[in-house]
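Written out below as structure tokens is the structure these notes cover.
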Amino acid sequence: MFQTIEADELEKMLKEHFGEKIISVEKLNDVSVAEISVDAIKNVIIWLKENGFTFLTTCNGIHYPDSPKTFGMVYHLHDWKRNLRIRLKTFTHHDPPHFPTITDVWPAANWMEREAYDFFGFHFDGHPHLKRILNEDSMVGWPLRKEYPLEDQARFDKDDKMFGR
Amino acid sequence: MKEEVKQDTKQEVISKEYTTLNLGPTHPATHGIFQNVLKMDGEIVVDTEQTIGYIHRAFEKLAERRPYGQITPIVDRLNYCSSPLNNMGWHMTVEKLAGIKLPKRVEYLRIIIMELARISDHIICNSVIGVDSGAMTGFLYIFQFREHIYDIYEELCGARMNTNIGRIGGLERDFNQAAWLKIEKLLKELPRGLKEFEALLVRNRIFMDRTINCGPISAELALAYSFTGPNLRAAGVDYDVRVMNPYSSYEEFDFIIPVGTHGDTYDRFMVREQEMWESIKIIQQAMEKLDKLEDKTSYYAPDVPDFYLPQKGDVYTKMEALIYHFKIIMGETAAPKGEVYHCVEGGNGELGYYLVSDGGRTPYRLHMRRPCFIYYQGYPDMIKGAYLSDAILTMSSMNVIAGELDA
């Protein structure tokens, strides 16, 4: 089990500095998760880094096609001195989605953001070298988005006369 | 590429040309499929551009269409030098999401498996550092212990490399007598073997000259690049998930986190070497704790029939077991709605799984924090200004595993 800042404490702390840019704070399982509007996410991350959360564990994209919060970035931060973990989320519904880059805060974010660009088509404004990383450069489409379905093992629309499945 | 360099104040202009050298995608010295386009000034590396993704297999996408139990074989193929660590990390992630509590005995058995995996991972990395610096003997000698560890895996789960070991909610079977004998034999022989391996390299003048100050990284830079694991500890930061966020009862164990000072190849080698000794200590402690436990038989959580596959014998004779067997095999168990992040100390650092479940039978989204992928970004900064042969040694001492890098 991880230690975390309690949700109401984190909310108070963030609201004091960023006001209505903090959309919601809740505790999911063992980590407090704050949702932050996309125009303030970078300032919040910089502020949190100055206030103890110095380690970027990872960050990743997520896609909810049926929700107004369509495209999201999730940042996992860790305060090693107090051993606290928190998670930040930010959403946008514009396509192509634009997020601010945090490569200037942590160089480690460089490839993580390139991965999110590669798989979700997220654009990171100010990223020094935004291009595909794991997939081939000439590839079309954003594979981890939900509109690219994988073969469902239980699907019934398959015509498999050739292979007898 | 031509650049004009001012030689001195007299404004003599010497034209200078850099050489472009393709190291990889397949090169015997890189131990895997990595491409580095090096910009060389004579024999000195000026800059490098890394290309990765040659063995990308879309694990995160595949996981979105697979029942939870069937994702275990996928995570085997992340860091394939220590598959059991990946497996256990994944099981614990699902157990955290589903709120499954394990008996103490299972946790200790898992610790034995995980520490064996750590030893085999470090054996590979350290012996390969030896090979790349010209010492083949150590590699040929110490590799037999990796073979012994694979023999133990074989007793535990039937497989050797891609183990698929353990199940969500426990282990698939108890350790048998042969496995215990092999573990005891390993614990008796490995310290002797390690000592001989260390005698070959640790105070070897040639090896020290070759590795000290080769590919160093400062603690600040390592943290900025989100290094974890032995590579970060070699730079002097004592971050270890086993201590910071203990899982599987690691808090009951007594072990040391070795740290280096300069973050160079020698430090990374020594940190891994020391960690193997600590792993041996942990396995011994786990065996003592198992002896003291009253519970001598349980190897799975008894109250999670939805996730834990029933015994094959029961499937043939008991109706309930047959139903649960069918449900699990056909992927018809739904996990609770929610999201969790869980991490274990893998062979290379913090191996994390961020699992988002919408209450369905497969993950809605699974993100894997692969330590290799993150710390390989620091490689250009570590080899700038070094010789080409040092660049190769640095890469093997970072233990970059293509499977984990490319997912």
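Letters A, B, ... go to the chains of the structure tokens in the order shown; residues in each chain start at 1; ligands are counted from 1 in the same order.
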Proximal residues of chain B relative to chain A (only C-alpha atoms; 6 Å) as number ranges by chain: B: 53, 224-226
Output C-alpha atoms of each residue in that selection to a file, as a CSV table (one decimal), in the first residue's frame.
```
chain,number,residue,atom,x,y,z
B,53,GLY,CA,11.0,0.1,-31.2
B,224,ALA,CA,16.0,14.2,-13.7
B,225,TYR,CA,15.9,11.3,-16.1
B,226,SER,CA,13.8,9.3,-13.6
```
task: Write out as a ChimeraX atom specification all residues of chain A that DSSP puts in strand (DSSP E) for this structure's backbone.
output: /A:22-28,31-36,55-63,71-79,84-92,98-100,123-125
message: What's around Phe255 of chain B at 9 Å? Count only C-alpha atoms, leave out sequence neighbours fewer than 6 positions away in its own chain, and write the answer as a ChimeraX atom specification.
response: /B:278-279,281-282
message: Residues near segment 82-85 of chain B, anyone? I mean within 9 Å using only C-alpha atoms, not counting same-chain ones fewer than 2 positions away, as an MDAnalysis selection string.
response: chainID B and resid 75:80 87:90 113:121 153 161:166 344:347 351
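Distance annotation: of A:Leu88, A:Met13, A:Ala116, A:Val33, the residue with the minimal separation from Ile45 of chain A is A:Leu88; atom set is only C-alpha atoms.
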- request: Extract, using only C-alpha atoms, all DNA, RNA and protein residues at most 12 Å from Glu252 of chain B, discarding same-chain residues fewer than 2 positions from it, and format them as an NGL selection string.
  value: :B and (104 or 107-108 or 111 or 242-243 or 246-250 or 254-255 or 282 or 285-286 or 289)
Store the residues of this selection in a file with C-alpha atoms, as a CSV table (one decimal), in the first residue's frame.
```csv
chain,number,residue,atom,x,y,z
B,104,LYS,CA,1.8,-15.2,4.6
B,107,GLU,CA,4.1,-14.0,0.1
B,108,TYR,CA,7.3,-15.7,1.4
B,111,ILE,CA,9.8,-13.5,-2.3
B,242,ARG,CA,11.1,-2.9,-1.6
B,243,VAL,CA,11.9,-0.5,1.2
B,246,PRO,CA,7.1,-2.7,0.8
B,247,TYR,CA,5.0,-5.3,-1.0
B,248,SER,CA,4.7,-9.0,-0.3
B,249,SER,CA,5.9,-8.7,3.3
B,250,TYR,CA,9.3,-7.2,2.4
B,254,ASP,CA,16.5,-7.5,6.9
B,255,PHE,CA,18.7,-6.4,4.0
B,282,ILE,CA,16.7,-12.6,1.7
B,285,GLN,CA,15.5,-15.4,5.7
B,286,ALA,CA,12.4,-16.4,3.8
B,289,LYS,CA,10.3,-17.7,8.2
```
task: Apply DSSP to the backbone of this structure and, from chain A, keep only the residues in helix (DSSP H, G or I); write these as a VMD selection string.
output: chain A and resid 7 to 21 41 to 50 109 to 120
